[in-house]
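Read the structure below first, then the notes.
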Amino acid sequence: MSNSETPGPVVRGPIVQVGDARFANHLPLVLIAGPCQLEGRSHALEIAAALKAMTARAGIDLVFKTSFDKANRTSGGAARGVGLDEALPVFAEIRESLGLPVLTDVHAAEQCARAAEAVDVLQIPAFLCRQTDLLLAAAATGRAVNIKKGQFLAPWDMRHVAAKVTQAGNPNVIVTERGASFGYNTLVSDMRSLPIMAQVTSGAPVVFDATHSVQQPGGQGASSGGQREFVAVLARAAVAVGVAGVFIETHPDPDRAPSDGPNMVALKDMPALLDQLIAFDKLAKARAA
(Lines give C-alpha, C1' and ligand atoms only; values in the text may rest on other atoms or scores of the structure.)
Protein backbone atom coordinates (compact mmCIF):
# COMPACT_ATOMS: atom_id res chain seq x y z
CA MET A 1 0.00 0.00 0.00
CA SER A 2 1.32 3.46 -0.85
CA ASN A 3 0.36 6.81 0.54
CA SER A 4 -1.72 7.43 -2.58
CA GLU A 5 -4.07 4.54 -1.85
CA THR A 6 -7.06 4.76 0.45
CA PRO A 7 -8.25 2.02 2.80
CA GLY A 8 -11.55 0.32 2.16
CA PRO A 9 -14.01 -0.89 4.81
CA VAL A 10 -12.51 -2.10 8.07
CA VAL A 11 -11.33 -5.68 7.68
CA ARG A 12 -12.84 -8.00 10.28
CA GLY A 13 -9.77 -10.01 11.00
CA PRO A 14 -9.10 -12.64 13.64
CA ILE A 15 -10.13 -12.06 17.24
CA VAL A 16 -7.13 -12.10 19.56
CA GLN A 17 -8.10 -13.58 22.92
CA VAL A 18 -6.09 -12.38 25.91
CA GLY A 19 -7.46 -13.90 29.09
CA ASP A 20 -11.09 -12.82 29.12
CA ALA A 21 -10.39 -9.83 26.88
CA ARG A 22 -11.18 -10.07 23.16
CA PHE A 23 -9.38 -7.74 20.77
CA ALA A 24 -10.94 -7.05 17.36
CA ASN A 25 -11.58 -3.85 15.47
CA HIS A 26 -15.35 -4.43 15.38
CA LEU A 27 -15.75 -5.57 19.00
CA PRO A 28 -16.18 -3.35 22.09
CA LEU A 29 -13.14 -1.38 23.21
CA VAL A 30 -10.51 -3.06 25.41
CA LEU A 31 -8.38 -1.01 27.80
CA ILE A 32 -4.65 -1.65 28.21
CA ALA A 33 -3.56 0.36 31.23
CA GLY A 34 -1.13 0.57 34.11
CA PRO A 35 1.98 2.45 35.25
CA CYS A 36 4.94 2.99 32.96
CA GLN A 37 7.37 1.22 35.30
CA LEU A 38 6.81 -1.57 37.76
CA GLU A 39 7.74 0.25 40.98
CA GLY A 40 7.06 -2.62 43.38
CA ARG A 41 4.57 -5.31 44.32
CA SER A 42 2.16 -3.26 46.44
CA HIS A 43 2.18 -0.33 44.03
CA ALA A 44 1.34 -2.55 41.06
CA LEU A 45 -1.37 -4.49 42.91
CA GLU A 46 -2.98 -1.26 44.12
CA ILE A 47 -3.19 0.20 40.61
CA ALA A 48 -4.29 -3.08 39.05
CA ALA A 49 -7.10 -3.48 41.60
CA ALA A 50 -8.26 0.10 41.05
CA LEU A 51 -8.31 -0.36 37.28
CA LYS A 52 -10.16 -3.66 37.61
CA ALA A 53 -12.88 -1.96 39.66
CA MET A 54 -13.15 0.91 37.16
CA THR A 55 -13.44 -1.31 34.11
CA ALA A 56 -15.88 -3.67 35.82
CA ARG A 57 -18.12 -0.70 36.56
CA ALA A 58 -17.73 0.56 33.00
CA GLY A 59 -18.36 -2.87 31.49
CA ILE A 60 -15.17 -3.20 29.42
CA ASP A 61 -12.27 -5.64 29.42
CA LEU A 62 -8.87 -4.76 30.88
CA VAL A 63 -5.29 -5.85 30.27
CA PHE A 64 -2.90 -4.62 32.94
CA LYS A 65 0.43 -3.31 31.69
CA THR A 66 3.70 -2.32 33.28
CA SER A 67 7.39 -2.62 32.39
CA PHE A 68 10.11 -4.45 34.28
CA ASP A 69 12.81 -2.55 32.37
CA LYS A 70 12.74 0.75 30.49
CA ALA A 71 15.70 -0.02 28.26
CA ASN A 72 15.43 3.08 26.07
CA ARG A 73 15.58 5.90 28.64
CA THR A 74 16.87 9.25 27.41
CA SER A 75 19.73 9.34 29.93
CA GLY A 76 21.91 6.49 31.13
CA GLY A 77 21.36 7.66 34.69
CA ALA A 78 17.55 7.40 34.57
CA ALA A 79 15.67 4.75 36.57
CA ARG A 80 15.03 1.69 34.43
CA GLY A 81 12.91 -0.57 36.63
CA VAL A 82 13.10 -3.55 38.95
CA GLY A 83 14.29 -6.09 36.39
CA LEU A 84 12.79 -9.35 35.12
CA ASP A 85 13.66 -11.54 38.11
CA GLU A 86 11.82 -9.32 40.57
CA ALA A 87 8.94 -8.62 38.18
CA LEU A 88 7.93 -12.18 37.29
CA PRO A 89 6.39 -13.06 40.70
CA VAL A 90 4.48 -9.77 40.70
CA PHE A 91 3.08 -10.42 37.23
CA ALA A 92 2.05 -13.92 38.29
CA GLU A 93 0.35 -12.61 41.44
CA ILE A 94 -1.64 -10.02 39.51
CA ARG A 95 -2.88 -12.72 37.15
CA GLU A 96 -3.74 -15.15 39.93
CA SER A 97 -5.13 -12.85 42.63
CA LEU A 98 -6.99 -10.37 40.41
CA GLY A 99 -7.69 -12.56 37.39
CA LEU A 100 -6.26 -9.96 35.02
CA PRO A 101 -4.22 -10.62 31.90
CA VAL A 102 -0.85 -8.87 32.00
CA LEU A 103 1.24 -7.18 29.29
CA THR A 104 4.90 -6.22 29.50
CA ASP A 105 7.66 -5.09 27.16
CA VAL A 106 10.51 -7.31 26.06
CA HIS A 107 13.73 -5.92 24.65
CA ALA A 108 15.83 -8.97 23.86
CA ALA A 109 15.06 -12.37 22.36
CA GLU A 110 16.26 -14.20 25.47
CA GLN A 111 13.67 -12.40 27.65
CA CYS A 112 10.66 -13.68 25.70
CA ALA A 113 10.31 -17.25 26.97
CA ARG A 114 10.87 -16.23 30.60
CA ALA A 115 8.41 -13.34 30.44
CA ALA A 116 5.83 -15.56 28.75
CA GLU A 117 5.73 -17.76 31.86
CA ALA A 118 4.00 -14.95 33.79
CA VAL A 119 2.35 -12.63 31.25
CA ASP A 120 -0.28 -12.93 28.54
CA VAL A 121 1.01 -10.35 26.04
CA LEU A 122 4.58 -9.65 24.99
CA GLN A 123 4.94 -6.08 23.77
CA ILE A 124 7.55 -5.12 21.19
CA PRO A 125 8.71 -1.53 21.82
CA ALA A 126 8.41 0.93 18.94
CA PHE A 127 12.16 1.38 18.57
CA LEU A 128 12.55 -2.42 18.19
CA CYS A 129 9.58 -3.22 15.95
CA ARG A 130 11.74 -4.34 13.01
CA GLN A 131 14.10 -6.54 15.06
CA THR A 132 13.44 -9.89 13.43
CA ASP A 133 15.04 -12.10 16.09
CA LEU A 134 13.01 -10.39 18.82
CA LEU A 135 9.77 -10.78 16.87
CA LEU A 136 10.44 -14.45 16.14
CA ALA A 137 11.30 -15.20 19.77
CA ALA A 138 8.09 -13.51 20.90
CA ALA A 139 6.10 -15.41 18.30
CA ALA A 140 7.58 -18.72 19.43
CA THR A 141 6.10 -18.35 22.91
CA GLY A 142 2.55 -18.58 21.54
CA ARG A 143 1.55 -15.54 23.60
CA ALA A 144 -0.20 -12.60 22.00
CA VAL A 145 2.31 -10.12 20.59
CA ASN A 146 1.55 -6.40 20.67
CA ILE A 147 3.81 -4.58 18.23
CA LYS A 148 4.14 -0.83 18.59
CA LYS A 149 4.62 0.93 15.27
CA GLY A 150 7.97 2.64 15.15
CA GLN A 151 7.95 6.43 15.18
CA PHE A 152 9.98 6.16 11.97
CA LEU A 153 7.58 3.88 10.04
CA ALA A 154 4.68 4.54 7.72
CA PRO A 155 1.51 2.66 8.70
CA TRP A 156 1.65 0.46 5.59
CA ASP A 157 5.12 -0.73 6.65
CA MET A 158 3.45 -2.64 9.49
CA ARG A 159 2.33 -5.22 6.92
CA HIS A 160 5.83 -6.71 6.94
CA VAL A 161 6.35 -6.32 10.68
CA ALA A 162 3.17 -8.21 11.58
CA ALA A 163 3.91 -10.86 8.95
CA LYS A 164 7.14 -11.80 10.70
CA VAL A 165 5.04 -13.03 13.63
CA THR A 166 2.14 -14.59 11.73
CA GLN A 167 4.43 -16.38 9.26
CA ALA A 168 6.24 -17.87 12.25
CA GLY A 169 2.97 -19.59 13.15
CA ASN A 170 1.55 -17.18 15.73
CA PRO A 171 -1.69 -15.49 14.57
CA ASN A 172 -2.15 -13.55 17.82
CA VAL A 173 -0.85 -10.18 16.65
CA ILE A 174 -1.97 -6.74 17.82
CA VAL A 175 -0.55 -3.56 16.29
CA THR A 176 -0.35 -0.24 18.14
CA GLU A 177 -0.07 3.34 16.91
CA ARG A 178 1.95 5.63 19.19
CA GLY A 179 2.67 8.66 17.00
CA ALA A 180 5.27 9.50 14.39
CA SER A 181 8.36 11.69 14.73
CA PHE A 182 7.62 15.28 13.76
CA GLY A 183 10.64 17.52 13.87
CA TYR A 184 12.63 17.52 17.08
CA ASN A 185 11.26 16.28 20.45
CA THR A 186 7.75 16.00 19.07
CA LEU A 187 5.35 13.31 17.88
CA VAL A 188 2.20 13.65 15.83
CA SER A 189 -0.68 11.18 15.50
CA ASP A 190 -2.12 10.62 12.05
CA MET A 191 -5.55 9.03 12.50
CA ARG A 192 -5.42 7.71 8.95
CA SER A 193 -2.88 5.18 10.18
CA LEU A 194 -5.49 3.32 12.22
CA PRO A 195 -7.64 1.97 9.34
CA ILE A 196 -4.56 1.64 7.14
CA MET A 197 -2.83 -0.65 9.64
CA ALA A 198 -5.98 -2.73 9.98
CA GLN A 199 -6.16 -3.18 6.23
CA VAL A 200 -2.52 -3.99 5.50
CA THR A 201 -2.37 -6.56 8.32
CA SER A 202 -5.55 -8.35 7.16
CA GLY A 203 -7.57 -7.03 10.05
CA ALA A 204 -5.16 -7.37 12.97
CA PRO A 205 -6.60 -5.59 16.02
CA VAL A 206 -5.39 -2.00 16.13
CA VAL A 207 -4.72 -0.22 19.43
CA PHE A 208 -4.11 3.49 19.94
CA ASP A 209 -1.50 4.46 22.53
CA ALA A 210 -2.89 7.74 23.82
CA THR A 211 -0.17 8.50 26.36
CA HIS A 212 3.01 7.90 24.35
CA SER A 213 1.44 9.82 21.48
CA VAL A 214 1.69 12.99 23.58
CA GLN A 215 5.24 12.27 24.71
CA GLN A 216 7.99 14.75 23.87
CA PRO A 217 11.04 12.47 23.42
CA GLY A 218 14.05 14.02 25.13
CA GLY A 219 11.99 17.16 25.58
CA GLN A 220 13.31 17.89 29.08
CA GLY A 221 16.98 17.46 28.20
CA ALA A 222 17.90 14.38 30.23
CA SER A 223 14.35 12.99 30.13
CA SER A 224 11.24 13.04 27.98
CA GLY A 225 8.47 15.56 28.43
CA GLY A 226 4.81 15.22 27.58
CA GLN A 227 1.48 16.98 27.26
CA ARG A 228 -0.98 14.90 29.25
CA GLU A 229 -3.69 17.52 28.69
CA PHE A 230 -4.01 16.19 25.14
CA VAL A 231 -4.37 12.49 26.04
CA ALA A 232 -8.17 12.66 26.16
CA VAL A 233 -8.31 14.66 22.93
CA LEU A 234 -6.34 12.10 20.92
CA ALA A 235 -7.96 9.12 22.63
CA ARG A 236 -11.44 10.36 21.71
CA ALA A 237 -10.34 10.95 18.13
CA ALA A 238 -8.86 7.47 17.75
CA VAL A 239 -11.82 5.71 19.33
CA ALA A 240 -14.17 7.67 17.06
CA VAL A 241 -12.25 6.31 14.06
CA GLY A 242 -12.74 2.78 15.41
CA VAL A 243 -10.07 0.73 17.18
CA ALA A 244 -9.88 -2.54 19.06
CA GLY A 245 -8.36 -0.99 22.13
CA VAL A 246 -6.75 2.02 23.74
CA PHE A 247 -3.47 2.03 25.64
CA ILE A 248 -3.22 4.49 28.54
CA GLU A 249 -0.45 4.67 31.11
CA THR A 250 -1.74 5.80 34.49
CA HIS A 251 -0.33 6.48 37.94
CA PRO A 252 -1.68 7.70 41.30
CA ASP A 253 0.80 10.60 41.22
CA PRO A 254 2.24 11.03 37.71
CA ASP A 255 4.44 13.97 38.66
CA ARG A 256 6.35 11.70 41.04
CA ALA A 257 6.60 8.72 38.69
CA PRO A 258 10.11 7.52 37.79
CA SER A 259 9.39 7.62 34.05
CA ASP A 260 6.89 9.13 31.59
CA GLY A 261 5.13 11.14 34.28
CA PRO A 262 4.42 14.14 32.00
CA ASN A 263 2.34 12.02 29.63
CA MET A 264 0.62 9.67 32.11
CA VAL A 265 -2.98 10.16 33.22
CA ALA A 266 -3.71 10.49 36.93
CA LEU A 267 -5.50 7.38 38.20
CA LYS A 268 -8.31 9.50 39.66
CA ASP A 269 -9.07 10.92 36.20
CA MET A 270 -9.44 7.53 34.52
CA PRO A 271 -13.16 6.82 35.24
CA ALA A 272 -14.38 10.01 33.56
CA LEU A 273 -12.10 9.41 30.57
CA LEU A 274 -13.32 5.82 30.23
CA ASP A 275 -16.94 6.97 30.22
CA GLN A 276 -16.17 9.31 27.33
CA LEU A 277 -14.27 6.69 25.35
CA ILE A 278 -16.95 4.05 25.77
CA ALA A 279 -19.57 6.47 24.43
CA PHE A 280 -17.41 7.26 21.40
CA ASP A 281 -16.67 3.55 20.88
CA LYS A 282 -20.35 2.60 20.84
CA LEU A 283 -21.05 5.28 18.26
CA ALA A 284 -18.12 4.24 16.05
CA LYS A 285 -18.94 0.52 16.21
CA ALA A 286 -22.67 1.10 15.59
CA ARG A 287 -21.78 3.10 12.47
CA ALA A 288 -19.48 0.34 11.22
CA ALA A 289 -21.94 -2.51 11.93
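Going by the C-alpha coordinates order, chains are called A, B, ..., each with residues numbered from 1, while ligands are numbered from 1 in the order shown.
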
Polymer residues at most 7 Å from region 123-132 of chain A, only C-alpha atoms, same-chain spacing of 6 or more positions, as a ChimeraX atom specification: /A:103-106,145-151,161

Residues of region 26-91 of chain A in strand (DSSP E), written as a VMD selection string: chain A and resid 30 to 34 61 to 65

Nearest to Phe182 (chain A) by atom-to-atom distance, counting only C-alpha atoms, from A:Leu153, A:Val239, A:Met264, A:Ala139: A:Leu153

Pick from A:Gly40, A:Pro171, A:Gly203, A:Pro89 nearest to Pro258 (chain A), counting only C-alpha atoms: A:Gly40

Excluding Ala198 (chain A) and residues on its chain fewer than 5 positions from it, collect all residues at most 10 Å away from it, counting only C-alpha atoms, and give them as a short mmCIF file (atom, residue, chain, number, x, y, z; two decimals) with all heavy atoms, in the first residue's frame.
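So out28.cif came out as:
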data_model
loop_
_atom_site.label_atom_id
_atom_site.label_comp_id
_atom_site.auth_asym_id
_atom_site.auth_seq_id
_atom_site.Cartn_x
_atom_site.Cartn_y
_atom_site.Cartn_z
N PRO A 7 -7.74 3.28 2.26
CA PRO A 7 -8.25 2.02 2.80
C PRO A 7 -9.73 1.85 2.53
O PRO A 7 -10.49 2.82 2.52
CB PRO A 7 -7.97 2.14 4.29
CG PRO A 7 -7.97 3.61 4.55
CD PRO A 7 -7.43 4.25 3.30
N PRO A 9 -13.33 -0.61 3.54
CA PRO A 9 -14.01 -0.89 4.81
C PRO A 9 -13.08 -1.63 5.78
O PRO A 9 -12.18 -2.34 5.37
CB PRO A 9 -15.20 -1.76 4.38
CG PRO A 9 -15.39 -1.47 2.94
CD PRO A 9 -14.03 -1.18 2.39
N VAL A 10 -13.33 -1.44 7.06
CA VAL A 10 -12.51 -2.10 8.07
C VAL A 10 -12.58 -3.61 7.89
O VAL A 10 -13.66 -4.19 7.74
CB VAL A 10 -13.00 -1.72 9.49
CG1 VAL A 10 -12.28 -2.56 10.53
CG2 VAL A 10 -12.75 -0.24 9.74
N VAL A 11 -11.41 -4.24 7.85
CA VAL A 11 -11.33 -5.68 7.68
C VAL A 11 -11.59 -6.36 9.01
O VAL A 11 -10.96 -6.03 10.02
CB VAL A 11 -9.95 -6.09 7.15
CG1 VAL A 11 -9.87 -7.61 7.00
CG2 VAL A 11 -9.66 -5.40 5.83
N ARG A 12 -12.55 -7.26 9.04
CA ARG A 12 -12.84 -8.00 10.28
C ARG A 12 -11.90 -9.20 10.35
O ARG A 12 -12.22 -10.28 9.88
CB ARG A 12 -14.30 -8.45 10.30
CG ARG A 12 -15.26 -7.27 10.37
CD ARG A 12 -16.63 -7.72 10.81
NE ARG A 12 -17.52 -6.59 10.98
CZ ARG A 12 -18.60 -6.59 11.74
NH1 ARG A 12 -18.93 -7.69 12.40
NH2 ARG A 12 -19.37 -5.54 11.84
N GLY A 13 -10.78 -8.97 10.91
CA GLY A 13 -9.77 -10.01 11.00
C GLY A 13 -9.99 -10.92 12.19
O GLY A 13 -11.04 -10.90 12.83
N ALA A 24 -10.60 -7.06 18.78
CA ALA A 24 -10.94 -7.05 17.36
C ALA A 24 -11.47 -5.66 17.04
O ALA A 24 -12.10 -5.01 17.89
CB ALA A 24 -11.98 -8.11 17.01
N ASN A 25 -11.23 -5.22 15.82
CA ASN A 25 -11.58 -3.85 15.47
C ASN A 25 -13.08 -3.57 15.49
O ASN A 25 -13.48 -2.42 15.61
CB ASN A 25 -10.99 -3.51 14.09
CG ASN A 25 -9.48 -3.57 14.10
OD1 ASN A 25 -8.84 -3.08 15.03
ND2 ASN A 25 -8.91 -4.19 13.08
N PRO A 155 2.43 3.71 8.24
CA PRO A 155 1.51 2.66 8.70
C PRO A 155 1.50 1.43 7.80
O PRO A 155 1.34 0.31 8.30
CB PRO A 155 0.14 3.36 8.73
CG PRO A 155 0.30 4.61 7.94
CD PRO A 155 1.73 5.00 8.06
N TRP A 156 1.67 1.63 6.49
CA TRP A 156 1.65 0.46 5.59
C TRP A 156 2.88 -0.42 5.76
O TRP A 156 2.87 -1.58 5.37
CB TRP A 156 1.49 0.89 4.13
CG TRP A 156 2.28 2.10 3.73
CD1 TRP A 156 3.56 2.14 3.27
CD2 TRP A 156 1.81 3.45 3.77
NE1 TRP A 156 3.93 3.43 3.02
CE2 TRP A 156 2.88 4.26 3.30
CE3 TRP A 156 0.61 4.05 4.12
CZ2 TRP A 156 2.78 5.65 3.19
CZ3 TRP A 156 0.51 5.43 4.01
CH2 TRP A 156 1.58 6.22 3.57
N MET A 158 3.77 -1.64 8.47
CA MET A 158 3.45 -2.64 9.49
C MET A 158 2.99 -3.96 8.89
O MET A 158 2.93 -4.97 9.59
CB MET A 158 2.40 -2.09 10.45
CG MET A 158 2.94 -1.00 11.37
SD MET A 158 4.28 -1.56 12.44
CE MET A 158 3.35 -2.52 13.65
N ARG A 159 2.67 -3.97 7.61
CA ARG A 159 2.33 -5.22 6.92
C ARG A 159 3.46 -6.24 7.11
O ARG A 159 3.23 -7.40 7.46
CB ARG A 159 2.13 -4.94 5.43
CG ARG A 159 1.86 -6.18 4.59
CD ARG A 159 2.18 -5.97 3.11
NE ARG A 159 1.69 -4.71 2.59
CZ ARG A 159 0.51 -4.54 2.00
NH1 ARG A 159 -0.30 -5.58 1.86
NH2 ARG A 159 0.17 -3.36 1.53
N ILE A 174 -1.32 -8.03 17.63
CA ILE A 174 -1.97 -6.74 17.82
C ILE A 174 -0.98 -5.68 17.38
O ILE A 174 0.23 -5.80 17.65
CB ILE A 174 -2.37 -6.53 19.30
CG1 ILE A 174 -3.32 -7.64 19.76
CG2 ILE A 174 -2.99 -5.16 19.53
CD1 ILE A 174 -3.50 -7.70 21.27
N VAL A 175 -1.44 -4.63 16.71
CA VAL A 175 -0.55 -3.56 16.29
C VAL A 175 -1.00 -2.25 16.94
O VAL A 175 -2.21 -2.00 17.05
CB VAL A 175 -0.48 -3.42 14.76
CG1 VAL A 175 0.21 -4.63 14.15
CG2 VAL A 175 -1.86 -3.23 14.13
N SER A 193 -3.67 6.39 10.00
CA SER A 193 -2.88 5.18 10.18
C SER A 193 -3.69 4.05 10.79
O SER A 193 -3.37 2.87 10.58
CB SER A 193 -1.67 5.47 11.07
OG SER A 193 -2.06 5.69 12.40
N GLY A 203 -6.61 -7.17 8.97
CA GLY A 203 -7.57 -7.03 10.05
C GLY A 203 -7.03 -7.25 11.44
O GLY A 203 -7.81 -7.42 12.38
N ALA A 204 -5.71 -7.24 11.61
CA ALA A 204 -5.16 -7.37 12.97
C ALA A 204 -5.76 -6.29 13.87
O ALA A 204 -5.99 -5.16 13.43
CB ALA A 204 -3.64 -7.24 12.95
N PRO A 205 -6.07 -6.61 15.12
CA PRO A 205 -6.60 -5.59 16.02
C PRO A 205 -5.64 -4.41 16.14
O PRO A 205 -4.43 -4.60 16.31
CB PRO A 205 -6.74 -6.32 17.36
CG PRO A 205 -6.83 -7.76 16.99
CD PRO A 205 -5.97 -7.93 15.78
N VAL A 206 -6.19 -3.22 16.05
CA VAL A 206 -5.39 -2.00 16.13
C VAL A 206 -5.68 -1.31 17.46
O VAL A 206 -6.84 -1.13 17.84
CB VAL A 206 -5.70 -1.04 14.97
CG1 VAL A 206 -4.94 0.27 15.12
CG2 VAL A 206 -5.35 -1.70 13.64
N VAL A 207 -4.63 -0.93 18.16
CA VAL A 207 -4.72 -0.22 19.43
C VAL A 207 -4.11 1.16 19.27
O VAL A 207 -3.13 1.33 18.53
CB VAL A 207 -3.99 -1.01 20.54
CG1 VAL A 207 -3.84 -0.19 21.82
CG2 VAL A 207 -4.73 -2.32 20.83
N VAL A 243 -11.24 1.54 16.84
CA VAL A 243 -10.07 0.73 17.18
C VAL A 243 -10.48 -0.42 18.09
O VAL A 243 -11.55 -0.39 18.70
CB VAL A 243 -8.97 1.57 17.87
CG1 VAL A 243 -8.32 2.53 16.90
CG2 VAL A 243 -9.53 2.32 19.08
N ALA A 244 -9.60 -1.40 18.20
CA ALA A 244 -9.88 -2.54 19.06
C ALA A 244 -9.62 -2.22 20.52
O ALA A 244 -10.24 -2.80 21.42
CB ALA A 244 -9.01 -3.73 18.64
#

Please provide the set of residues having any atom within 8 Å of His251 (chain A), restricted to only C-alpha atoms, with same-chain residues fewer than 3 positions apart removed, written as a PDB file with all heavy atoms, in the first residue's frame.
ATOM      1  N   GLY A  34      -1.948   0.823  32.939  1.00  0.00           N
ATOM      2  CA  GLY A  34      -1.129   0.570  34.106  1.00  0.00           C
ATOM      3  C   GLY A  34      -0.004   1.581  34.142  1.00  0.00           C
ATOM      4  O   GLY A  34       0.111   2.445  33.265  1.00  0.00           O
ATOM      5  N   PRO A  35       0.873   1.500  35.135  1.00  0.00           N
ATOM      6  CA  PRO A  35       1.977   2.454  35.248  1.00  0.00           C
ATOM      7  C   PRO A  35       3.089   2.143  34.251  1.00  0.00           C
ATOM      8  O   PRO A  35       3.265   1.001  33.840  1.00  0.00           O
ATOM      9  CB  PRO A  35       2.456   2.259  36.687  1.00  0.00           C
ATOM     10  CG  PRO A  35       2.135   0.821  36.978  1.00  0.00           C
ATOM     11  CD  PRO A  35       0.853   0.529  36.239  1.00  0.00           C
ATOM     12  N   ILE A  47      -2.711  -0.394  41.860  1.00  0.00           N
ATOM     13  CA  ILE A  47      -3.193   0.200  40.606  1.00  0.00           C
ATOM     14  C   ILE A  47      -4.021  -0.816  39.823  1.00  0.00           C
ATOM     15  O   ILE A  47      -5.075  -0.478  39.263  1.00  0.00           O
ATOM     16  CB  ILE A  47      -2.009   0.706  39.764  1.00  0.00           C
ATOM     17  CG1 ILE A  47      -1.285   1.820  40.517  1.00  0.00           C
ATOM     18  CG2 ILE A  47      -2.489   1.213  38.404  1.00  0.00           C
ATOM     19  CD1 ILE A  47      -0.012   2.292  39.841  1.00  0.00           C
ATOM     20  N   PRO A 254       1.339  11.028  38.871  1.00  0.00           N
ATOM     21  CA  PRO A 254       2.236  11.029  37.708  1.00  0.00           C
ATOM     22  C   PRO A 254       3.461  11.922  37.860  1.00  0.00           C
ATOM     23  O   PRO A 254       4.537  11.587  37.351  1.00  0.00           O
ATOM     24  CB  PRO A 254       1.327  11.521  36.572  1.00  0.00           C
ATOM     25  CG  PRO A 254      -0.045  11.175  36.993  1.00  0.00           C
ATOM     26  CD  PRO A 254      -0.048  11.332  38.489  1.00  0.00           C
ATOM     27  N   ALA A 257       6.266  10.009  39.307  1.00  0.00           N
ATOM     28  CA  ALA A 257       6.595   8.723  38.690  1.00  0.00           C
ATOM     29  C   ALA A 257       8.043   8.723  38.194  1.00  0.00           C
ATOM     30  O   ALA A 257       8.561   9.765  37.783  1.00  0.00           O
ATOM     31  CB  ALA A 257       5.651   8.448  37.526  1.00  0.00           C
ATOM     32  N   MET A 264       1.553  10.625  31.497  1.00  0.00           N
ATOM     33  CA  MET A 264       0.625   9.673  32.114  1.00  0.00           C
ATOM     34  C   MET A 264      -0.611  10.377  32.657  1.00  0.00           C
ATOM     35  O   MET A 264      -0.553  11.537  33.078  1.00  0.00           O
ATOM     36  CB  MET A 264       1.319   8.890  33.238  1.00  0.00           C
ATOM     37  CG  MET A 264       2.130   7.718  32.731  1.00  0.00           C
ATOM     38  SD  MET A 264       2.485   6.487  34.016  1.00  0.00           S
ATOM     39  CE  MET A 264       3.817   7.300  34.889  1.00  0.00           C
ATOM     40  N   VAL A 265      -1.713   9.653  32.691  1.00  0.00           N
ATOM     41  CA  VAL A 265      -2.979  10.161  33.222  1.00  0.00           C
ATOM     42  C   VAL A 265      -3.066   9.821  34.706  1.00  0.00           C
ATOM     43  O   VAL A 265      -2.729   8.701  35.118  1.00  0.00           O
ATOM     44  CB  VAL A 265      -4.171   9.527  32.471  1.00  0.00           C
ATOM     45  CG1 VAL A 265      -5.508   9.925  33.093  1.00  0.00           C
ATOM     46  CG2 VAL A 265      -4.129   9.920  30.999  1.00  0.00           C
ATOM     47  N   ALA A 266      -3.510  10.761  35.514  1.00  0.00           N
ATOM     48  CA  ALA A 266      -3.713  10.486  36.934  1.00  0.00           C
ATOM     49  C   ALA A 266      -4.792   9.428  37.102  1.00  0.00           C
ATOM     50  O   ALA A 266      -5.827   9.460  36.419  1.00  0.00           O
ATOM     51  CB  ALA A 266      -4.105  11.766  37.667  1.00  0.00           C
ATOM     52  N   LEU A 267      -4.569   8.491  38.007  1.00  0.00           N
ATOM     53  CA  LEU A 267      -5.499   7.382  38.203  1.00  0.00           C
ATOM     54  C   LEU A 267      -6.906   7.888  38.528  1.00  0.00           C
ATOM     55  O   LEU A 267      -7.904   7.324  38.068  1.00  0.00           O
ATOM     56  CB  LEU A 267      -4.978   6.474  39.317  1.00  0.00           C
ATOM     57  CG  LEU A 267      -5.657   5.117  39.503  1.00  0.00           C
ATOM     58  CD1 LEU A 267      -5.518   4.241  38.259  1.00  0.00           C
ATOM     59  CD2 LEU A 267      -5.061   4.406  40.714  1.00  0.00           C
TER      60      LEU A 267
END

Atomic distance CA of Val188 (chain A) - CA of Leu273 (chain A), expressed in Å with one decimal: 21.0 Å
